[in-house]
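Undergrad: Okay, here's the structure, questions in a sec.
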Amino acid sequence: MTASRLTATRLQGIPPTIFTEMSALAVRTGAVNLGQGFPDVDGPEAVIKRAVEALETGANQYTPGPGVPALREAVARHQHRNYGIELDPMTQVVATTGATEGIAAAILGLVNPGDEVIVLEPYYDSYVAMIQMAGGVRRAVTLRPEGGSFRLHADDLRAAVTPRTRMILVNTPHNPTGTVLSRDELGAVAEVATAHDLVVVTDEVYEHLTFGIPHVPVATLPGMFERTLTLSSIGKSYSFTGWKVGWATGPQELVGAVLAAKQWLTFVSGAPLQPAAAYALDELGSWPSELAADLRGRRDLLCAGLGELGLRVSVPDATYFAVTDISDLGWPDGDTFCRALPERAGVVAIPLQGFYDSDAGRQLVRWTFCKRPEVIEEAVVRLGKADLSA
Ligand code: PMP
Ligand code: GLN
């Protein structure tokens, strides 16, 4: 659905989310959906059981404002166990309805009209919508393609700062490029944020889905905890993308701003899934790294398949996604290619140009490998039989 004449100006000009659009196209055409990132195998059975138990034993009314204490405590333990970050679960953790609500509440709670927010380009689409809804202005810093990877340059970041800059919105591991920001790249974020007294909001939903290069949370860099709000969720780490259980962590001042907005968005988040998410974090701490090891094999399967078809593929260090450059195929842009692809090949992928202000993403296309190997193989077979040139 697109915005109509009646839609408020704060939403005008924001295109409908491409993920919903392309998944609908996949359903309509019977195509293999390598577009939207959601696994086709659910997360651990024991966690589902815990959710059922919670439903049956009375976790069916409003939770406390910041979320179920068991979840806040489990999130605090998770941050400590994995990263050595100490959090007070009562004041420095808030449960959100997925990281998506965390993003919305962080931006609404921290960005004033006219404030500039630096985002890494390609950016995740909900950042753009929320910055506009808050009356903010985005300043995109392009991750530069370099040796099969997409990198953040400190000078680009420095050049994006103006007197109106309020926030740097980071995403690591990064959707859609699969980049895991290095210590040096994060050091540049820290340097710029400190020099200009900026808040950093960091979306780390793919924190556990890395393939060898460790994820470094922004909040662990020297001096950064005090100015960093970290967002994550159960969706990717435990293959429950439909649960929409997330959390925001950081200093009380920043978490308080999230809560100030969150209380008017959803008031509180769904009760029965929070104890189950707490159980997953506490009792199945190694499950996400096992998932990552398995996902790594599927990454290799997809990247090898796309490579054999002659597509130029960047092999990602993390996430669900691989990016190809389709310049050689002769299409005007990735959007035209992706809209033709279901008919041509029976496969759906995501064009990246909508995630860029600059022209740098015009020929880039994202493919997910969070599907079963046989689904990935079927997609590659279909692509191999089709004429992919314009
Ligand atoms: N941030 C990024 C970078 C994502 O890819 C996604 C989508 N899964 C989200 C946030 C949303 O997470 P959630 O499903 O927990 O709302
Ligand atoms: N984050 C997923 C993706 O990038 C699904 C879309 C969404 O959560 N809005 O494909």
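We name chains A, B, ... following the order of the structure tokens; residues begin at 1 in each chain, and ligands are numbered from 1 as shown.
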May I have the residues within 12 Å of Ile213 (chain A) as a list in words, using only C-alpha atoms and disregarding those fewer than 2 positions away in the same chain?
TA: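 Near neighbours after the sequence-gap exclusion: Thr172, Pro173, Gly178, Thr179, Val180, Leu181, Ser182, Arg183, Glu207, His208, Leu209, Thr210, Phe211, His215, Val216, Ala292, Arg296, Pro316, Asp317, Ala318 and Thr319 of chain A.
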Undergrad: I need the chosen residues saved as a PDB file, in the first residue's frame, with C-alpha atoms.
TA:
ATOM      1  CA  THR A 172      26.863  -3.739  12.872  1.00  0.00           C
ATOM      2  CA  PRO A 173      26.830  -6.477  11.664  1.00  0.00           C
ATOM      3  CA  GLY A 178      27.061  -8.250   5.789  1.00  0.00           C
ATOM      4  CA  THR A 179      29.911  -6.008   6.941  1.00  0.00           C
ATOM      5  CA  VAL A 180      31.131  -6.436  10.507  1.00  0.00           C
ATOM      6  CA  LEU A 181      32.574  -3.050  11.420  1.00  0.00           C
ATOM      7  CA  SER A 182      36.189  -3.405  12.518  1.00  0.00           C
ATOM      8  CA  ARG A 183      37.677  -1.944  15.670  1.00  0.00           C
ATOM      9  CA  GLU A 207      25.357  -9.690  16.749  1.00  0.00           C
ATOM     10  CA  HIS A 208      25.641 -13.500  16.863  1.00  0.00           C
ATOM     11  CA  LEU A 209      25.378 -14.267  13.139  1.00  0.00           C
ATOM     12  CA  THR A 210      29.037 -13.732  12.246  1.00  0.00           C
ATOM     13  CA  PHE A 211      31.273 -16.063  10.254  1.00  0.00           C
ATOM     14  CA  HIS A 215      31.285  -8.626  16.471  1.00  0.00           C
ATOM     15  CA  VAL A 216      32.444  -5.681  18.570  1.00  0.00           C
ATOM     16  CA  ALA A 292      25.864 -19.048  12.672  1.00  0.00           C
ATOM     17  CA  ARG A 296      28.006 -19.988   7.137  1.00  0.00           C
ATOM     18  CA  PRO A 316      29.572 -11.332   3.670  1.00  0.00           C
ATOM     19  CA  ASP A 317      31.241 -11.723   7.077  1.00  0.00           C
ATOM     20  CA  ALA A 318      27.882 -11.868   8.859  1.00  0.00           C
ATOM     21  CA  THR A 319      24.061 -11.631   8.665  1.00  0.00           C
TER      22      THR A 319
END
Undergrad: For ligand 2, return the neighbouring residues as number ranges by chain (distance at most 7 Å; only C-alpha atoms and all ligand atoms).
TA: A: 19, 35-38, 175-176
Undergrad: Fewer than 6 positions away in the same chain doesn't count, so skip those; otherwise give me all residues within 12 Å of Glu377 (chain A), counting only C-alpha atoms, as number ranges by chain.
TA: A: 32, 34, 298-306, 347, 369, 371, 383-384
Undergrad: Store the residues of this selection in a file with all heavy atoms, as a short mmCIF file (atom, residue, chain, number, x, y, z; two decimals), in the first residue's frame.
TA:
data_model
loop_
_atom_site.label_atom_id
_atom_site.label_comp_id
_atom_site.auth_asym_id
_atom_site.auth_seq_id
_atom_site.Cartn_x
_atom_site.Cartn_y
_atom_site.Cartn_z
N VAL A 32 10.76 -18.53 -5.59
CA VAL A 32 11.56 -18.82 -4.39
C VAL A 32 11.95 -17.46 -3.79
O VAL A 32 12.50 -16.60 -4.48
CB VAL A 32 12.83 -19.61 -4.76
CG1 VAL A 32 13.69 -19.83 -3.51
CG2 VAL A 32 12.48 -20.95 -5.38
N LEU A 34 14.17 -15.32 -1.98
CA LEU A 34 15.47 -14.98 -1.38
C LEU A 34 15.51 -13.47 -1.12
O LEU A 34 16.57 -12.85 -1.13
CB LEU A 34 16.63 -15.42 -2.27
CG LEU A 34 16.76 -16.91 -2.58
CD1 LEU A 34 18.11 -17.22 -3.25
CD2 LEU A 34 16.61 -17.79 -1.33
N ARG A 298 25.53 -22.21 4.44
CA ARG A 298 24.50 -21.80 3.47
C ARG A 298 24.96 -20.53 2.73
O ARG A 298 24.65 -20.35 1.56
CB ARG A 298 23.17 -21.62 4.18
CG ARG A 298 22.59 -22.97 4.60
CD ARG A 298 21.25 -22.85 5.25
NE ARG A 298 21.36 -22.67 6.69
CZ ARG A 298 20.44 -22.08 7.43
NH1 ARG A 298 19.37 -21.56 6.88
NH2 ARG A 298 20.59 -22.00 8.74
N ARG A 299 25.69 -19.67 3.42
CA ARG A 299 26.29 -18.51 2.75
C ARG A 299 27.20 -18.99 1.61
O ARG A 299 27.12 -18.51 0.48
CB ARG A 299 27.13 -17.69 3.74
CG ARG A 299 27.96 -16.63 3.04
CD ARG A 299 29.12 -16.12 3.87
NE ARG A 299 30.16 -17.14 4.05
CZ ARG A 299 31.34 -16.91 4.62
NH1 ARG A 299 31.60 -15.71 5.11
NH2 ARG A 299 32.24 -17.87 4.74
N ASP A 300 28.04 -19.99 1.94
CA ASP A 300 28.99 -20.48 0.95
C ASP A 300 28.25 -21.12 -0.24
O ASP A 300 28.65 -20.93 -1.39
CB ASP A 300 29.95 -21.50 1.58
CG ASP A 300 30.86 -20.81 2.60
OD1 ASP A 300 30.96 -19.56 2.56
OD2 ASP A 300 31.44 -21.51 3.45
N LEU A 301 27.17 -21.83 0.07
CA LEU A 301 26.38 -22.47 -0.98
C LEU A 301 25.81 -21.42 -1.93
O LEU A 301 25.92 -21.52 -3.16
CB LEU A 301 25.24 -23.26 -0.31
CG LEU A 301 24.32 -24.07 -1.19
CD1 LEU A 301 25.07 -25.23 -1.84
CD2 LEU A 301 23.14 -24.62 -0.36
N LEU A 302 25.20 -20.39 -1.35
CA LEU A 302 24.59 -19.35 -2.19
C LEU A 302 25.65 -18.57 -2.96
O LEU A 302 25.51 -18.35 -4.18
CB LEU A 302 23.76 -18.38 -1.33
CG LEU A 302 23.16 -17.21 -2.12
CD1 LEU A 302 22.05 -17.69 -3.08
CD2 LEU A 302 22.59 -16.13 -1.20
N CYS A 303 26.72 -18.18 -2.27
CA CYS A 303 27.73 -17.34 -2.94
C CYS A 303 28.41 -18.12 -4.07
O CYS A 303 28.66 -17.57 -5.14
CB CYS A 303 28.76 -16.82 -1.94
SG CYS A 303 28.04 -15.61 -0.80
N ALA A 304 28.68 -19.41 -3.82
CA ALA A 304 29.30 -20.22 -4.88
C ALA A 304 28.35 -20.33 -6.06
O ALA A 304 28.74 -20.16 -7.22
CB ALA A 304 29.65 -21.61 -4.35
N GLY A 305 27.07 -20.57 -5.78
CA GLY A 305 26.07 -20.71 -6.84
C GLY A 305 25.95 -19.43 -7.66
O GLY A 305 25.96 -19.47 -8.89
N LEU A 306 25.87 -18.29 -6.98
CA LEU A 306 25.73 -17.01 -7.70
C LEU A 306 27.00 -16.73 -8.50
O LEU A 306 26.95 -16.26 -9.63
CB LEU A 306 25.45 -15.87 -6.72
CG LEU A 306 24.10 -15.94 -5.97
CD1 LEU A 306 24.01 -14.81 -4.93
CD2 LEU A 306 22.92 -15.85 -6.94
N VAL A 347 12.49 -16.41 -9.03
CA VAL A 347 13.26 -16.11 -7.80
C VAL A 347 13.02 -14.64 -7.43
O VAL A 347 12.88 -13.80 -8.33
CB VAL A 347 14.78 -16.34 -8.03
CG1 VAL A 347 15.59 -15.96 -6.80
CG2 VAL A 347 15.05 -17.80 -8.39
N PHE A 369 20.42 -15.95 2.41
CA PHE A 369 20.75 -17.39 2.50
C PHE A 369 20.27 -17.98 3.82
O PHE A 369 20.78 -19.01 4.27
CB PHE A 369 22.26 -17.60 2.30
CG PHE A 369 23.14 -16.71 3.14
CD1 PHE A 369 23.45 -17.04 4.44
CD2 PHE A 369 23.64 -15.52 2.62
CE1 PHE A 369 24.27 -16.21 5.21
CE2 PHE A 369 24.45 -14.69 3.38
CZ PHE A 369 24.76 -15.04 4.68
N LYS A 371 17.66 -19.54 4.25
CA LYS A 371 16.68 -20.57 3.89
C LYS A 371 17.36 -21.94 3.89
O LYS A 371 18.60 -22.03 3.84
CB LYS A 371 16.11 -20.29 2.51
CG LYS A 371 15.59 -18.87 2.32
CD LYS A 371 14.36 -18.55 3.15
CE LYS A 371 13.98 -17.09 3.01
NZ LYS A 371 12.79 -16.73 3.78
N LEU A 383 17.89 -19.89 -11.45
CA LEU A 383 18.64 -18.76 -12.03
C LEU A 383 19.52 -19.24 -13.18
O LEU A 383 19.67 -18.55 -14.19
CB LEU A 383 19.51 -18.10 -10.94
CG LEU A 383 18.73 -17.33 -9.85
CD1 LEU A 383 19.65 -16.98 -8.68
CD2 LEU A 383 18.10 -16.05 -10.41
N GLY A 384 20.06 -20.46 -13.01
CA GLY A 384 20.94 -21.01 -14.04
C GLY A 384 20.21 -21.29 -15.34
O GLY A 384 20.79 -21.21 -16.42
#
Undergrad: Using only C-alpha atoms and all ligand atoms, find each protein or nucleic acid residue lying at most 7 Å from ligand 1; present the set as a list in words.
TA: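 So the residues close to ligand 1 are Gly37, Thr97, Gly98, Ala99, Thr100, Glu101, Tyr124, Asn171, His174, Asn175, Asp203, Val205, Ser232, Ser233, Ile234, Gly235, Lys236, Thr241, Gly242, Lys244, Val245 and Gly246 of chain A.
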Undergrad: Using only C-alpha atoms, which residues sit within 12 Å of Pro217 (chain A) once same-chain residues fewer than 3 positions away are excluded, as a ChimeraX atom specification?
TA: /A:79-80,82-85,170-173,180-183,185-187,189-190,200-208,214,220-222,224-225,228-232,249-250
Undergrad: Those same residues, written as a short mmCIF file (atom, residue, chain, number, x, y, z; two decimals), in the first residue's frame with C-alpha atoms?
TA:
data_model
loop_
_atom_site.label_atom_id
_atom_site.label_comp_id
_atom_site.auth_asym_id
_atom_site.auth_seq_id
_atom_site.Cartn_x
_atom_site.Cartn_y
_atom_site.Cartn_z
CA GLN A 79 25.56 -8.37 27.71
CA HIS A 80 27.86 -9.20 30.60
CA ASN A 82 29.25 -11.93 25.90
CA TYR A 83 30.82 -8.49 26.09
CA GLY A 84 31.67 -7.65 29.70
CA ILE A 85 29.09 -4.83 29.73
CA VAL A 170 25.25 2.51 13.40
CA ASN A 171 24.32 -0.99 12.28
CA THR A 172 26.86 -3.74 12.87
CA PRO A 173 26.83 -6.48 11.66
CA VAL A 180 31.13 -6.44 10.51
CA LEU A 181 32.57 -3.05 11.42
CA SER A 182 36.19 -3.40 12.52
CA ARG A 183 37.68 -1.94 15.67
CA GLU A 185 35.97 1.68 11.88
CA LEU A 186 34.23 1.73 15.25
CA GLY A 187 37.14 3.79 16.57
CA VAL A 189 32.64 6.38 15.15
CA ALA A 190 33.86 6.83 18.72
CA VAL A 200 25.27 6.77 19.08
CA VAL A 201 22.38 4.39 18.49
CA THR A 202 23.61 1.00 17.36
CA ASP A 203 21.45 -1.72 15.84
CA GLU A 204 23.14 -5.03 16.63
CA VAL A 205 20.38 -7.53 15.78
CA TYR A 206 22.86 -9.70 13.85
CA GLU A 207 25.36 -9.69 16.75
CA HIS A 208 25.64 -13.50 16.86
CA PRO A 214 33.97 -11.24 15.93
CA THR A 220 32.56 -1.59 24.58
CA LEU A 221 34.87 1.02 23.05
CA PRO A 222 36.62 3.22 25.60
CA MET A 224 31.47 4.96 24.55
CA PHE A 225 29.09 3.30 27.01
CA THR A 228 25.62 4.64 23.25
CA LEU A 229 22.18 3.08 23.07
CA THR A 230 22.32 -0.54 21.88
CA LEU A 231 19.39 -2.31 20.20
CA SER A 232 18.92 -6.01 19.63
CA THR A 249 20.27 -1.12 26.63
CA GLY A 250 22.63 1.61 27.75
#
Undergrad: Please return as a compact mmCIF listing (two decimals) with all heavy atoms, in the first residue's frame: the residues of region 77-223 of chain A that backbone DSSP assigns to strand (DSSP E).
TA:
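That gives us selection_34.txt:
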# COMPACT_ATOMS: atom_id res chain seq x y z
N VAL A 93 17.86 -1.30 30.97
CA VAL A 93 17.34 -2.24 29.96
C VAL A 93 15.85 -1.98 29.81
O VAL A 93 15.13 -1.85 30.80
CB VAL A 93 17.52 -3.72 30.42
CG1 VAL A 93 17.02 -4.68 29.33
CG2 VAL A 93 18.96 -4.04 30.80
N VAL A 94 15.38 -1.90 28.58
CA VAL A 94 13.94 -1.83 28.34
C VAL A 94 13.58 -2.81 27.22
O VAL A 94 14.30 -2.91 26.23
CB VAL A 94 13.46 -0.38 28.05
CG1 VAL A 94 14.12 0.21 26.82
CG2 VAL A 94 11.95 -0.32 27.86
N ALA A 95 12.49 -3.55 27.45
CA ALA A 95 12.02 -4.49 26.41
C ALA A 95 11.21 -3.71 25.39
O ALA A 95 10.45 -2.80 25.74
CB ALA A 95 11.17 -5.58 27.05
N THR A 96 11.38 -4.07 24.11
CA THR A 96 10.66 -3.39 23.04
C THR A 96 9.97 -4.42 22.15
O THR A 96 10.29 -5.61 22.22
CB THR A 96 11.63 -2.57 22.16
OG1 THR A 96 12.65 -3.45 21.65
CG2 THR A 96 12.29 -1.45 22.95
N GLU A 116 20.18 16.51 12.70
CA GLU A 116 20.70 15.61 11.67
C GLU A 116 21.16 14.29 12.29
O GLU A 116 21.73 14.27 13.38
CB GLU A 116 21.87 16.28 10.93
CG GLU A 116 21.39 17.45 10.10
CD GLU A 116 22.49 18.12 9.31
OE1 GLU A 116 23.62 17.60 9.25
OE2 GLU A 116 22.20 19.19 8.73
N VAL A 117 20.86 13.22 11.56
CA VAL A 117 21.24 11.88 12.01
C VAL A 117 22.12 11.27 10.92
O VAL A 117 21.70 11.18 9.76
CB VAL A 117 19.99 11.00 12.22
CG1 VAL A 117 20.39 9.58 12.63
CG2 VAL A 117 19.06 11.63 13.25
N ILE A 118 23.32 10.87 11.28
CA ILE A 118 24.20 10.21 10.32
C ILE A 118 23.84 8.73 10.27
O ILE A 118 23.74 8.07 11.31
CB ILE A 118 25.68 10.40 10.72
CG1 ILE A 118 26.06 11.89 10.64
CG2 ILE A 118 26.60 9.54 9.84
CD1 ILE A 118 27.45 12.21 11.10
N VAL A 119 23.61 8.23 9.05
CA VAL A 119 23.34 6.80 8.86
C VAL A 119 24.34 6.22 7.89
O VAL A 119 24.86 6.94 7.02
CB VAL A 119 21.90 6.54 8.32
CG1 VAL A 119 20.84 6.86 9.34
CG2 VAL A 119 21.63 7.31 7.03
N LEU A 120 24.62 4.95 8.03
CA LEU A 120 25.51 4.28 7.07
C LEU A 120 24.66 3.87 5.87
O LEU A 120 23.57 3.33 6.03
CB LEU A 120 26.14 3.04 7.70
CG LEU A 120 26.84 3.25 9.05
CD1 LEU A 120 27.44 1.94 9.53
CD2 LEU A 120 27.91 4.33 8.93
N GLU A 121 25.18 4.14 4.69
CA GLU A 121 24.47 3.82 3.45
C GLU A 121 25.16 2.65 2.76
O GLU A 121 26.39 2.73 2.59
CB GLU A 121 24.49 5.08 2.59
CG GLU A 121 24.07 4.91 1.16
CD GLU A 121 24.20 6.21 0.36
OE1 GLU A 121 23.30 7.05 0.44
OE2 GLU A 121 25.22 6.35 -0.35
N VAL A 137 16.74 14.98 9.92
CA VAL A 137 17.31 15.00 8.56
C VAL A 137 18.42 13.96 8.53
O VAL A 137 19.30 13.96 9.39
CB VAL A 137 17.92 16.39 8.26
CG1 VAL A 137 18.58 16.41 6.89
CG2 VAL A 137 16.86 17.48 8.39
N ARG A 138 18.37 13.04 7.54
CA ARG A 138 19.44 12.03 7.51
C ARG A 138 20.61 12.52 6.67
O ARG A 138 20.43 13.25 5.68
CB ARG A 138 18.91 10.70 6.99
CG ARG A 138 18.65 10.66 5.51
CD ARG A 138 18.28 9.28 5.02
NE ARG A 138 17.93 9.33 3.61
CZ ARG A 138 16.75 9.69 3.13
NH1 ARG A 138 15.78 10.02 3.96
NH2 ARG A 138 16.54 9.74 1.83
N ARG A 139 21.79 12.11 7.12
CA ARG A 139 23.02 12.37 6.35
C ARG A 139 23.65 11.00 6.14
O ARG A 139 24.07 10.36 7.10
CB ARG A 139 23.99 13.23 7.15
CG ARG A 139 23.54 14.62 7.35
CD ARG A 139 24.03 15.56 6.23
NE ARG A 139 23.34 16.82 6.34
CZ ARG A 139 22.53 17.34 5.42
NH1 ARG A 139 22.33 16.71 4.28
NH2 ARG A 139 21.93 18.48 5.62
N ALA A 140 23.67 10.55 4.88
CA ALA A 140 24.15 9.20 4.61
C ALA A 140 25.65 9.19 4.36
O ALA A 140 26.17 10.03 3.63
CB ALA A 140 23.40 8.63 3.41
N VAL A 141 26.32 8.24 4.98
CA VAL A 141 27.75 8.02 4.72
C VAL A 141 27.87 6.67 4.03
O VAL A 141 27.45 5.64 4.59
CB VAL A 141 28.54 8.02 6.05
CG1 VAL A 141 29.98 7.60 5.83
CG2 VAL A 141 28.47 9.38 6.71
N THR A 142 28.40 6.67 2.82
CA THR A 142 28.42 5.44 2.02
C THR A 142 29.49 4.47 2.50
O THR A 142 30.65 4.86 2.66
CB THR A 142 28.68 5.80 0.54
OG1 THR A 142 27.78 6.83 0.15
CG2 THR A 142 28.48 4.59 -0.37
N ARG A 144 31.99 1.97 1.41
CA ARG A 144 32.60 1.86 0.08
C ARG A 144 32.96 0.42 -0.27
O ARG A 144 33.62 -0.25 0.52
CB ARG A 144 33.88 2.69 0.04
CG ARG A 144 33.64 4.16 0.25
CD ARG A 144 34.96 4.86 0.10
NE ARG A 144 34.82 6.27 0.40
CZ ARG A 144 35.30 7.23 -0.37
NH1 ARG A 144 35.95 6.92 -1.47
NH2 ARG A 144 35.16 8.48 -0.02
N PRO A 145 32.54 -0.01 -1.47
CA PRO A 145 32.92 -1.36 -1.91
C PRO A 145 34.44 -1.43 -2.06
O PRO A 145 35.04 -0.53 -2.64
CB PRO A 145 32.24 -1.52 -3.27
CG PRO A 145 31.40 -0.33 -3.47
CD PRO A 145 31.77 0.71 -2.48
N GLU A 146 35.01 -2.49 -1.49
CA GLU A 146 36.48 -2.56 -1.43
C GLU A 146 36.87 -4.01 -1.28
O GLU A 146 36.56 -4.61 -0.25
CB GLU A 146 36.92 -1.82 -0.16
CG GLU A 146 38.03 -0.83 -0.38
CD GLU A 146 38.22 -0.03 0.89
OE1 GLU A 146 38.68 -0.62 1.90
OE2 GLU A 146 37.87 1.15 0.88
N SER A 149 34.13 -6.28 -0.08
CA SER A 149 33.50 -5.94 1.19
C SER A 149 33.08 -4.46 1.14
O SER A 149 33.42 -3.77 0.19
CB SER A 149 34.54 -6.23 2.26
OG SER A 149 34.18 -5.76 3.50
N PHE A 150 32.34 -4.01 2.10
CA PHE A 150 31.87 -2.61 2.11
C PHE A 150 32.40 -1.95 3.38
O PHE A 150 32.10 -2.41 4.48
CB PHE A 150 30.34 -2.58 2.10
CG PHE A 150 29.72 -3.08 0.82
CD1 PHE A 150 29.62 -4.45 0.58
CD2 PHE A 150 29.25 -2.20 -0.14
CE1 PHE A 150 29.04 -4.94 -0.59
CE2 PHE A 150 28.68 -2.67 -1.32
CZ PHE A 150 28.57 -4.04 -1.55
N ARG A 151 33.21 -0.90 3.23
CA ARG A 151 33.94 -0.37 4.39
C ARG A 151 33.58 1.07 4.70
O ARG A 151 33.28 1.87 3.81
CB ARG A 151 35.46 -0.43 4.15
CG ARG A 151 36.05 -1.76 3.74
CD ARG A 151 35.85 -2.97 4.61
NE ARG A 151 35.48 -2.89 5.99
CZ ARG A 151 35.04 -3.95 6.70
NH1 ARG A 151 34.97 -5.16 6.18
NH2 ARG A 151 34.71 -3.80 7.95
N THR A 165 24.28 18.10 13.70
CA THR A 165 24.31 16.64 13.91
C THR A 165 24.03 16.31 15.37
O THR A 165 24.61 16.92 16.27
CB THR A 165 25.67 16.05 13.51
OG1 THR A 165 26.00 16.50 12.20
CG2 THR A 165 25.64 14.53 13.54
N ARG A 166 23.13 15.35 15.55
CA ARG A 166 22.75 14.96 16.91
C ARG A 166 23.14 13.51 17.20
O ARG A 166 23.47 13.15 18.32
CB ARG A 166 21.22 15.11 17.01
CG ARG A 166 20.56 14.39 18.14
CD ARG A 166 20.50 15.27 19.35
NE ARG A 166 19.68 14.68 20.38
CZ ARG A 166 20.04 14.65 21.66
NH1 ARG A 166 21.16 15.20 22.05
NH2 ARG A 166 19.25 14.10 22.56
N MET A 167 23.08 12.68 16.14
CA MET A 167 23.19 11.23 16.38
C MET A 167 23.92 10.54 15.23
O MET A 167 23.80 10.97 14.09
CB MET A 167 21.76 10.66 16.48
CG MET A 167 21.65 9.17 16.61
SD MET A 167 19.92 8.58 16.46
CE MET A 167 19.21 9.13 17.98
N ILE A 168 24.66 9.47 15.58
CA ILE A 168 25.14 8.54 14.56
C ILE A 168 24.38 7.24 14.77
O ILE A 168 24.36 6.70 15.89
CB ILE A 168 26.65 8.27 14.66
CG1 ILE A 168 27.46 9.58 14.67
CG2 ILE A 168 27.12 7.36 13.51
CD1 ILE A 168 28.96 9.37 14.86
N LEU A 169 23.73 6.79 13.71
CA LEU A 169 22.98 5.53 13.78
C LEU A 169 23.83 4.47 13.09
O LEU A 169 24.03 4.51 11.89
CB LEU A 169 21.63 5.75 13.09
CG LEU A 169 20.60 4.65 13.04
CD1 LEU A 169 20.49 3.89 14.33
CD2 LEU A 169 19.24 5.26 12.70
N VAL A 170 24.33 3.54 13.90
CA VAL A 170 25.25 2.51 13.40
C VAL A 170 24.47 1.20 13.27
O VAL A 170 23.50 0.98 14.00
CB VAL A 170 26.42 2.33 14.41
CG1 VAL A 170 27.35 1.21 13.99
CG2 VAL A 170 27.18 3.62 14.58
N ASN A 171 24.89 0.35 12.37
CA ASN A 171 24.32 -0.99 12.28
C ASN A 171 25.48 -1.95 12.01
O ASN A 171 26.07 -1.93 10.94
CB ASN A 171 23.27 -1.02 11.15
CG ASN A 171 22.75 -2.41 10.82
OD1 ASN A 171 22.45 -2.69 9.67
ND2 ASN A 171 22.65 -3.27 11.80
N VAL A 199 25.17 11.40 20.25
CA VAL A 199 24.64 10.13 20.75
C VAL A 199 24.84 9.09 19.65
O VAL A 199 24.68 9.39 18.47
CB VAL A 199 23.12 10.28 21.03
CG1 VAL A 199 22.47 8.94 21.27
CG2 VAL A 199 22.90 11.23 22.21
N VAL A 200 25.19 7.86 20.05
CA VAL A 200 25.27 6.77 19.08
C VAL A 200 24.15 5.77 19.38
O VAL A 200 24.00 5.32 20.52
CB VAL A 200 26.64 6.06 19.13
CG1 VAL A 200 26.66 4.83 18.21
CG2 VAL A 200 27.75 7.03 18.74
N VAL A 201 23.35 5.48 18.37
CA VAL A 201 22.38 4.39 18.49
C VAL A 201 22.90 3.28 17.59
O VAL A 201 23.22 3.52 16.42
CB VAL A 201 20.97 4.85 18.06
CG1 VAL A 201 20.01 3.65 18.02
CG2 VAL A 201 20.44 5.92 19.01
N THR A 202 23.02 2.08 18.14
CA THR A 202 23.61 1.00 17.36
C THR A 202 22.66 -0.20 17.31
O THR A 202 22.20 -0.69 18.34
CB THR A 202 25.02 0.63 17.89
OG1 THR A 202 25.50 -0.50 17.17
CG2 THR A 202 25.02 0.32 19.36
N ASP A 203 22.35 -0.61 16.10
CA ASP A 203 21.45 -1.72 15.84
C ASP A 203 22.31 -2.96 15.65
O ASP A 203 23.02 -3.09 14.66
CB ASP A 203 20.64 -1.37 14.58
CG ASP A 203 19.74 -2.49 14.09
OD1 ASP A 203 19.89 -3.63 14.55
OD2 ASP A 203 18.89 -2.21 13.22
Undergrad: What gap, in Å, lies between CA of Leu110 (chain A) and CA of Trp264 (chain A)?
TA: 14.5 Å
Undergrad: Rank A:Val192, A:Leu6, A:Ala276, A:Met22 by their smallest atom-to-atom distance to Leu55 (chain A), using only C-alpha atoms, and report the top residue only.
TA: A:Ala276
Undergrad: What is the distance, in Å and to one decimal place, between CA of Ile103 (chain A) and CA of Ala261 (chain A)?
TA: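 We find that CA of Ile103 (chain A) and CA of Ala261 (chain A) lie 10.7 Å from each other.
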